[in-house]
Structures are given as C-alpha cells and as structure tokens.
Amino acid sequence: EDNVWDCEKNKAGEWSCVSQGQKEPVETQPAPDMPVPQPLAESEPAAEKARPVFMKPPRTVAKRPGWTCSANEQDETWNCSLIGADPKGRARVVEHAEHDAGLLDPAYDFSEEEIFKALQAQLPYDPWQNCLGPSVSQPALVGDKDLRNTAPMDVHADYSEVFDKEITSFFGNVDITRADQHVQADMASYDTVSETMDAQGHVFYSENEISLYSETALLNLATDEARLREALFISPSGPIRGSADVVYRDSKVLSRYTEASFTSCRPGNQDWVVHADRLKMNRATGQASAKHAWLEFKGLPVLYTPYISFPLDDRRLSGILPPSFGSTEKNGFDLEVPYYWNIAPNYDATITPRYMTKRGGMLRTQFRYLTEISRGNIGLEYMPYDSLREESRYSASVQAQSNFGYGVSSNLDLNYVSDDDYFNDLNNALGFSDTRHVRSLADLRYNQSWMSFVARLENYQTIDRSIPPGARPYQKYPQLQLNLHHEMDDFPLNLAMENQYTYFYRSGRVSGQRLNLKPSISFPWQTAGAFFTPKFSLQHTQYALEDQLPGRAEDISRTLPIVSVDGGLFFERDFDFGDSSYLHTLEPRAFYLYIPHEDQSDIPLFDTSLYDLNFFSLFRDNRFNGPDRVQDANQVTLALTSRLIDSDSGRERLKLSVGEIFYFRDREVLLRGNTPETNSLSNLIAELSGQLTDHLSFSSSVQWNPDVNDITRGQGTIRYRNQPEQIINLGYRYRRDNPNLEATIIQSDMSFRWPLYDNWFAVGRWQYSLKFNQTVESFLGLEKESCCWRFRVIGRRFVNNISNSEEAKAENGVFVQLELKGLASFGDKVDNFLEKNLYGYRKPEN
Amino acid sequence: LESDSEQPIYIDSNTATYDDKAQTSVYTGNVVTIQGSLRVDSDKLVVYLKQGEISKMVATGEKAKFEQLPGEGQEKIKGEALIGEYYPNKNLLILKKEAVVWQAGNKSASDLIRYDSKNALIKAGEKSSDSKRVHSVFMPKEKKTQ
Amino acid sequence: CGYHLRGALDIPEEMKNIYIEGASASLRDEINLSLKSADGQLVSSTEEASMVIKVIRDDMRRRVLSLNSAGKATEFELNYTVRFMLLDPTGQILMDQQEVEINRDFFNDQVDILAKSNEEAVIRDEIYRQAVRAIVMRARAVLKN
C-alpha cells in the first residue's frame, strides 16, 4: 500500500514524522479525478501561503535514506524519521565513524560523500571508471556548450507560476536542461528578460566538464556566469572533486573557488585532500592553480605551499613534479624537487635542484628537443661546492639522433664527468655505479639496402682507478666501416665485403692505423630438410703503427684465407602429448673451419680479446672478437639441437642444444704469450630452456671441460611471470675462467614483485656472491598503487666503491617517492631502476 | 485586455438549450465564445447563471482552444485543454487535462493551468503533489549578433 | 623411428611480399636478409604486400647480471623482446599479438671494453636473426592451420 507520511520540517531542517503504531493522522488521499466532463466542486485558488510546505520528504537525500530513530527520554517510545522510500526492513549502511589515525576529521562527511556519488552519477561518464582497470575511452560528450544560446530551455516541475511573462518560478522537483547544462533543484525562479535563474534547495548543476551541488545557486544563462554557495564539485577531466564555500563560474571555461578543498580520489575515498584559500580552474589552458594550499594525507597534515599548479587534463604543463627524497650513508638526507618547464610543443626542460646534507646543493638541468629530423637531449649537472671533497663537480651529456633522409643518419652520445668518483658519490640511492668507463661516440651513417657505411669517433673516459693506464681503451679517431652485400636472386650465391679503417690512439702506448678488408663468397644452399653453406673469405689486414714496442715491426700486413662449411639437417616428428599436439625436431649440424697459421705476435691488441665461449660462439669463424687476431684453425663443430614445438601456436615449449669443437691442430695464435693450446676438444656445451606453462619458464646451460673432467661454467634461471604484478626470478651462476683455478663467479640471484593486499606490492632483489660470501646487491621495497596516489619506498644495500680498489664496503640507501595522481606526474627514476633490476618488470603505462 | 471583462459575451454554436430551473444553458457543436479580445473554441459549452449573471462557463472538447490579447501591442496568448473553466467576473481561466499555454514563444504544459489575465499571472501544476507535473519550454531570445 | 626430413620449409606463399610496420632498422634489415635468402622481399606499401607484420614493441635492453666483489659489473645480459601481430593487406588480423623474447648473456668485466663492444654487436645480430626465425616459425604455424 502506498504508505504516505505526514512530516513536518522543524527548524534544524530535520524531518520528523509521526511513526506507525502511534496515532496515525488520517491522510485523505485526493479523490481520484472523475471522468470528464463532470463539473468539479467549486475549487477556489488556495490562498497564497508565505512559503510552500512540502508534503513529501525531499526527493534528493540530504540525510541517509531509510529510518533514523532516536529514543526520546520521557516515554521510552521511539521517535523515528523516514527519509526517502521506506526500506521495509532492508538493511542499510549505518554511518560508520571511519576516523582512522588522522588528527583531522575527514574533509567530507558521510552525507557529503553521498552527494558526491549522486554528482558522479549525473556526469555523462564515470571519470573514475578506468581508475585501475583498463582505460575505457570516454563516450562523446552530450550536447555542446556552444549551443547554449541557440538551444531551448526545457523545464519540468511540480508547480510553476509565470508572472507578467517575465518572472517564472518553479516549485517541487524542478528539472531544467539547456544544451549541456542541467539543473535540478527544489525551487527555481527564472527571469526571462535578464535570463538569470535563482535555484534553491538541493541544487544539482552539471555540464559536460563539471557538476556541482549546492543549497543555493544563481545562474546567468546569457553570460554563462554562476555563483553557488557551500558547493561540492566534480571536474571529470581531472578527475578532481572537492568543496568550496563559494564557487564563481566566470565563463564557460573559467571557474574560481574560495575556501576550497579538493582531491582526485574516488568519492568515498579521502586518502589525500588539498585545502586552499583559493582555487582557479581554466578549462581553455587545462591548468588549475591554488593559493595558500596545505596537503592532508591520510588525515595527517603533510605539506604547505603558497602556490601550486596542476594539469586538468593530459596536456604537458609546466609545474613541479613530485619531489623524491632518500638517504644514503655517503650523502646523508637527499631531496630532489624537479620542475618541468614545457617551453614549446617540441622543447621542454626539467630543472632539478637537489640538496644532500653531507655534500651540499647541486642543480641538474635536462633539456629535450624534437624536430622532424632530429631529437635528443642535453643534460648538465653542476655542484658548486662538494663539502666532502672541497671542490666543485659537474657532469655533461648530449644525446642526439638525427635522420636526414635518403639513408643518411647520425647519432651523438657524448658524456663527461668531472672526476672518477662522480657517479659513485652523486648517484642517489638508486643510482648505478657499476660502470667503469664513460663512453662518448659520434656516428655518421649512410645505409642502403645493399650497403652500410659508418664513420665514427669514439672515446672512453675511464672512471675506475683500478684499471691501470696501460689497460685503458684506445680512442678511435676515426673509424670508417663499409659493409657491402649482394644476394643473387636465382642462384644461392652471396657476395659480401667488410671493410674497416681505424686510427687507434692512446697516449703513451702503441697507436696506429689499421685497414681490414674481408671479401667473402658463400653458397647458402637450402632446402626444407637440409642446408649446406660453404663460405670462402680472404681477410687482409694492414697496420701502420707509431710508438711500437722495441723489436716489433711498425708496418705489418697479414692476409689469411678463411674456409668454412656449415651444414645441417632438420628431422621432425609429430607426436601428441596429453591433449596437445607437438612437433619434435632433431637438428644435427656440423661446422668445419680451416684457417692457415700466420704469426701475429707483433700485432698490438687494439680492440680484440677472446669471445665468451657459449653455444653460438661454436659457429663463428674466429675465436677472437676483433680483427687484431685471426685464429689458426682446422676444426669441426658438431652440434645437435632438439625442439619441442606446440603445433598450434608455433611456440617452443622445450629446447635442448648440445655442441663441441673437435680440434685437428693446436692453436698457436694467442692473445698473449706463446704456449699453444693443445687440447683436442673444446668444452662440451649444453643449453636447455623451455616455456613450461604460460607463466613458468626456465633456461639453463652448462659447460664441461674434458681436460679437467669438470664443469667450468653453469647457470640456471627459473622465471615465473603472471600478469604484471606477480614476478619471481631465481637464478644461479657459476663460472671458472681458468679451469685450473677456482671459480671467478659463484652467485645466486633472486628477485620478485608480489601483490600483498589492497594494491600493496612488495618488490625485492637479492644477489649473493657465494665466492666472496657477501651480498653484492640487494633491495627491498613497498609499492602502493591506488586510484589517486602512488607511493614507493625502496631500501637498498649495495657495494659501491667502483673507483678505488681496496675491499669494497657495503652501503645502505633508502629511496622514497610519493605521487598524488592528477596533481603531478610521476618521475620515472624508480621505474627505470626496477626495470634494470627486476627481470620482467615493465613500466606501467598510465 | 483589461477591458475584456466589461465586454459583452457572444456565443455562436450549432445547438443551444436553456434549463431555467438549473439556471444553466448548454451549447454544442463548434461553439465559439467571444468576449472582447478573448476567444474560446470548443465542442461544448455549459454556462452557469447566478441571479442572471454568468458565474462560470465550462468549455470542453477535443482540445478546447482559447486565445487572448494580454495588452495593447503584445503578442497573443494562446492555450488549449480538454476542459476550460472561465470565471468572467474574476477574469480567471482554468484549463484542465492536457492543458498547454503558449506565451511570447514560451510554452507551458500541465494537467492544471490557471490563467489570471487581470494581473497576468499563469499558475501551472499543483504545489501539493507531483501528480500534475508542469513542462515549460523557453525559446532562446534572438541574440543581437555581436 | 618416425623422424623424417622436414617438408616444405620455404616461406609460405603469403609471406613472400612482406610490409613491415614499426620495426627498428636492425630488425627490418634482418627480416629483409632472411626474406631474400628464401626469395621473398620487403615491399614498401601495404598494397603490394601479401602480408603485413605490425611490430608493436621492439626493445633491446642491456642489464647487469653479476657484479664482482667490488661491485663492478662482470656479466651483462641482452634482453630482446619483440611484440608483433600479423595482418593481411586489408588489415584483417591473421595472428594477434605475440611476443618473442630472447636473452643472451656474455662475460664483460669492462676491461677490454672495445673488444667486448665488438662482441656485443655480433651478439645483437645473432639475436635479431634468431628473432626473425622465431617470427617466421610462429607465422608458419598459424598460416598452416
């Protein structure tokens, strides 16, 4: 039955009705209208009352819907009041006093949050919908604000009065729409001449780009101005929501708020709120700014700033990026506050003042540019006075890649640091100090489909004092490389020529020019089941040296023929395992290599050393990785690869490769020394890897040395990766370069990223050297990703004295970063660190 | 117009019957009633008399229509509804059931509209309930092209 | 024992004229080389193409694998991931997004840094060749059935 209540609104604005069970006032339902045309009883116009008294409780809920009962003292009966429809016994959320540890009571109480939710429902799309989920494209905005002065104004109400065609007033559930503007209120009066509207009582005003709630609102529809008091607002493009004592809408795009508070958190969540005396939002420039603002995070006042500006949409805007702070033993407390300056659409700069308690202040500027043909960045860091070193320090870097078209391109990568310890000292807790040289190079390239030419200048600044001057890398002033290749169309014949001229220079050591020409002809014969590729090359290398060691020739030339034959077969067999069908392959392969011996002991080692021995190096035609040495060889590599391929997807589920070189002569060409290698077998190399399930994969390899009958190399990793959140990597590495000495590397490596709860993640890595019984690198961190803020703290313990050689001492560092989404974009220092350190971690695209 | 209430009332219809005892006369068949600038077209009209004075007239029809000139040089006000009750001495017209009023380009519709032409006041809907919702449409004013 | 020489290996007809979208220069060159050896070719527009390889992500990264006692990097890992999809010339998806990931590690204690950068260049070329073989393998598996 339609249960109608007789309620009176008392002065406190509290509705109270006489509840059931007590004397129920008989409510006479107006008699249903008689069928036409029965003449009605005389219905005189009701005398004009001072103020319309509403019979039904207000439509929009100021208080929680349903019953609220309070015992009245005298007669122990309940005085209940019903708001909205009678829930008829359905349970509802009682206002829970959710004051967590915060000193301050929440910025918006329960009823305000209910209004925010009502406001949210009024917007054409839910701005928080792709908060953490996949980003859904926003639907086209309904109506267009420019149509306002041509669109009719549509009004629905319970009752309206038009006085003298000019002043119309509407009462009861007033609902007004004009183009994209939409107003709901209990009462509204509209002056058709001045086109001003005055709305009262539960006023909801919404447009495409903002929706507001207030008790009173004065709107000038002609000039799009409006003034609302005690307003709550949501600006969906932020998304930003908040409240203000007075809201002035000065035009379609400009709005000002006094005594405002705002946040980007979803209604119902107030993790962070900014309180400001004045807030201004400019839709045209997409920029908002606040004055005298203080930040409250989880109920704790955290930060005060006289001025803060932040973007309203994703246009690049100049502004302060989130500060990051950390601390290390070496530098003490370390704070960086980057400022992003969007100079022009294709130029921008990031200026980062940084202060370290133990060293002092420094300034880092990074300028980026982008043009049609070139893009790059210039980085400068300057520290006027490092109090620990009592000197100024600086570093500079220039990266520029240009493409001039027609196959011509250039690449510039120049870096310089003022002193060896620069990276070591001035990297923040996340900095990487494992590099021993700083490389600078300048390339000019010309590429066509059949040739590639590179002219390069290259120099290394060695920043590791433990590398003696004699072992420091040569400079290539310049190096010219011309590679030509041509493949016959109808006959399996490939011609190729690699030519390289380099002038190697190193003060105090043998320097000189080297010309290396290597024409080659190969016959890549290939069918479905087999391939056979004989290849003949002639390598001619000429040196013109200066400051050569005494007793060694200054002009050396070496010409050697290189004969290699590479052949293999492909056997396969389909077979079913479980419910999926696989293809199992057996691929035997043989690689014969013959190169006569020529004495090369006079030739200096400019850029040549031994390849690291692994399965792939078994099939290279030189065991040295530079032209300064061409090995003497008469050997054959025998290898077998077997794959298990999932026939539907073509994915390799399992792959095993085994290979070994059989030497038919001793190797007399060596890097240094003159005791030829006489073993007749190389290490036996076996590699096994596989993708066991969609998430679990492993790879392993082992090298067995036949002479010492022992394993000299071994490594294995297991990787579990399930969507971006769950990553576990376990690894073990064992390496013994000289089979007769003990191992050079025995190391375990474990890293993970795992969700804890409520979007908290733990990240960590632990690299432990079993040889030195010492943790070499380790960090543990917590990450929180929520709808409106992101927080990271990473504690790191690492070995850090790359530049001096005495026993390395471990260092601790802590790195903290807080980002308030919508207020400032995230600096990516932490993302880069995690990508470098946590295999499988990829920067979240947001 | 202000002077409408003093003007004589002309009624033209197909049939007309007078019931002396009930003091009512009933006109049917495209009835046209005119008083000064007020004109009412309806299918049926019932006139109630009191001491010889017309106290009330009730026009009904598949949309009884009315129009009136609110003032010299002003745009005519028009309206229609299933039932129209006119109180000449009070210059009050009450339209009931699917009532619509057009005035200066603005339109209001409701199940109950009161038009008090003496003090140019139109009241639509019912304050006490939402059973007689009002729907008004205001046309935009022609903007002087800036 | 059921093993037989592999049947028709050469690249299926549809893969003869390939248009590549979004690949890095090195990957593009390698695909070009492997196509040439199976007498296919790279074409310069989708109209001439019988198949389009759309590369979404083509990313060669270098990571430190192990450090020695003084915290100096001694082993590096090259990690190459290429995410691609296969479309027919009209844009219909033949094979939706797939990822090929190749890891190669090599010893480099940064003493003979020039020699090791030569080695790294050789390893990169081998990675690209391996990636192209994997792409062709995946494409053949999908086009076959």
# chains A, B, ... in the order shown; residues from 1 in each chain; ligands from 1

call {"tool": "interface_residues", "arguments": {"of": "chain A", "to": "chain C", "cutoff": "7 Å", "atoms": "only C-alpha atoms", "output": "PyMOL selection string"}}
result
chain A and resi 434-436+473+489+528-529+570-573+607-609+611-612+625-626+647-651+772+776+799-802+807-808+836

call {"tool": "residues_around", "arguments": {"residues": "range 214-226 of chain A", "least_positions_apart": "3", "cutoff": "8 Å", "atoms": "only C-alpha atoms", "output": "JSON, numbers by chain"}}
result
{"A": [149, 194, 195, 196, 197, 198, 199, 200, 201, 202, 203, 204, 229, 230, 231, 232, 247, 248, 249, 250, 251, 252]}

call {"tool": "closest_atom_pairs", "arguments": {"of": "chain B", "to": "chain A", "cutoff": "10 Å", "atoms": "only C-alpha atoms", "output": "Markdown table"}}
result
| residue | atom | partner | partner_atom | distance |
| --- | --- | --- | --- | --- |
| B:Val46 | CA | A:Pro39 | CA | 9.6 |
| B:Val58 | CA | A:Pro39 | CA | 8.1 |
| B:Ala59 | CA | A:Pro37 | CA | 9.5 |
| B:Thr60 | CA | A:Pro37 | CA | 7.3 |
| B:Gly61 | CA | A:Pro37 | CA | 9.4 |
| B:Pro70 | CA | A:Asp164 | CA | 9.4 |
| B:Leu82 | CA | A:Val36 | CA | 8.5 |
| B:Ile83 | CA | A:Pro37 | CA | 7.5 |
| B:Glu85 | CA | A:Pro39 | CA | 9.4 |
| B:Ile94 | CA | A:Pro45 | CA | 10.0 |
| B:Lys97 | CA | A:Val36 | CA | 9.2 |
| B:Gln103 | CA | A:Lys165 | CA | 7.3 |
| B:Ala104 | CA | A:Lys165 | CA | 7.6 |
| B:Asn106 | CA | A:Lys165 | CA | 8.9 |
| B:Lys107 | CA | A:Asp154 | CA | 9.6 |
| B:Ser108 | CA | A:Val155 | CA | 8.9 |
| B:Ala109 | CA | A:His156 | CA | 9.4 |
| B:Ser110 | CA | A:Tyr159 | CA | 8.8 |
| B:Leu112 | CA | A:Tyr159 | CA | 9.4 |
| B:Ile113 | CA | A:Ser160 | CA | 9.1 |
| B:Arg114 | CA | A:Pro45 | CA | 8.8 |
| B:Tyr115 | CA | A:Val162 | CA | 9.3 |
| B:Asp116 | CA | A:Phe163 | CA | 9.7 |
| B:Ser117 | CA | A:Asp164 | CA | 9.4 |
| B:Asn119 | CA | A:Asp164 | CA | 7.4 |
| B:Ala120 | CA | A:Asp164 | CA | 4.9 |
| B:Leu121 | CA | A:Phe163 | CA | 4.6 |
| B:Ile122 | CA | A:Val162 | CA | 4.9 |
| B:Lys123 | CA | A:Glu161 | CA | 4.3 |
| B:Ala124 | CA | A:Ser160 | CA | 5.0 |
| B:Gly125 | CA | A:Tyr159 | CA | 4.3 |
| B:Glu126 | CA | A:Tyr159 | CA | 5.1 |
| B:Lys127 | CA | A:Tyr159 | CA | 5.2 |
| B:Ser128 | CA | A:Met55 | CA | 6.4 |
| B:Ser129 | CA | A:Asp158 | CA | 6.8 |
| B:Asp130 | CA | A:Asp158 | CA | 4.9 |
| B:Ser131 | CA | A:Asp158 | CA | 7.5 |
| B:Lys132 | CA | A:Asp158 | CA | 6.4 |
| B:Arg133 | CA | A:Asp158 | CA | 4.6 |
| B:Val134 | CA | A:Ala157 | CA | 5.1 |
| B:His135 | CA | A:His156 | CA | 4.5 |
| B:Ser136 | CA | A:Val155 | CA | 5.0 |
| B:Val137 | CA | A:Asp154 | CA | 4.6 |
| B:Phe138 | CA | A:Met153 | CA | 5.0 |
| B:Met139 | CA | A:Pro152 | CA | 4.6 |
| B:Pro140 | CA | A:Pro152 | CA | 5.5 |
| B:Lys141 | CA | A:Asn149 | CA | 8.1 |
| B:Glu142 | CA | A:Thr150 | CA | 8.2 |
| B:Lys143 | CA | A:Asn149 | CA | 7.7 |

call {"tool": "select_by_dssp", "arguments": {"residues": "range 350-498 of chain A", "states": "alpha helix (DSSP H)", "output": "ChimeraX atom specification"}}
result
/A:422-426

call {"tool": "write_last_selection", "arguments": {"atoms": "N, CA and C atoms", "output": "PDB file, in the first residue's frame"}}
result
ATOM      1  N   TYR A 422      82.482  10.532  -9.571  1.00  0.00           N
ATOM      2  CA  TYR A 422      81.254  11.324  -9.736  1.00  0.00           C
ATOM      3  C   TYR A 422      80.005  10.452  -9.581  1.00  0.00           C
ATOM      4  N   PHE A 423      79.934   9.384 -10.434  1.00  0.00           N
ATOM      5  CA  PHE A 423      78.732   8.545 -10.346  1.00  0.00           C
ATOM      6  C   PHE A 423      78.673   7.860  -8.991  1.00  0.00           C
ATOM      7  N   ASN A 424      79.833   7.427  -8.580  1.00  0.00           N
ATOM      8  CA  ASN A 424      79.911   6.690  -7.334  1.00  0.00           C
ATOM      9  C   ASN A 424      79.347   7.521  -6.181  1.00  0.00           C
ATOM     10  N   ASP A 425      79.710   8.818  -6.144  1.00  0.00           N
ATOM     11  CA  ASP A 425      79.292   9.640  -4.991  1.00  0.00           C
ATOM     12  C   ASP A 425      77.897  10.222  -5.171  1.00  0.00           C
ATOM     13  N   LEU A 426      77.637  10.714  -6.391  1.00  0.00           N
ATOM     14  CA  LEU A 426      76.476  11.599  -6.506  1.00  0.00           C
ATOM     15  C   LEU A 426      75.220  10.892  -7.006  1.00  0.00           C
TER      16      LEU A 426
END

call {"tool": "residues_around", "arguments": {"residues": "Arg445 in chain A", "least_positions_apart": "4", "cutoff": "10 Å", "atoms": "only C-alpha atoms", "output": "number ranges by chain"}}
result
A: 403, 407-411, 452-456, 480-482

call {"tool": "residues_around", "arguments": {"residues": "Ser55 in chain B", "least_positions_apart": "4", "cutoff": "12 Å", "atoms": "only C-alpha atoms", "output": "ChimeraX atom specification"}}
result
/A:42 /B:23-24,46-51,85-92

call {"tool": "select_by_dssp", "arguments": {"residues": "range 23-85 of chain C", "states": "strand (DSSP E or B)", "output": "VMD selection string"}}
result
chain C and resid 41 to 42 51 to 67 73 to 85
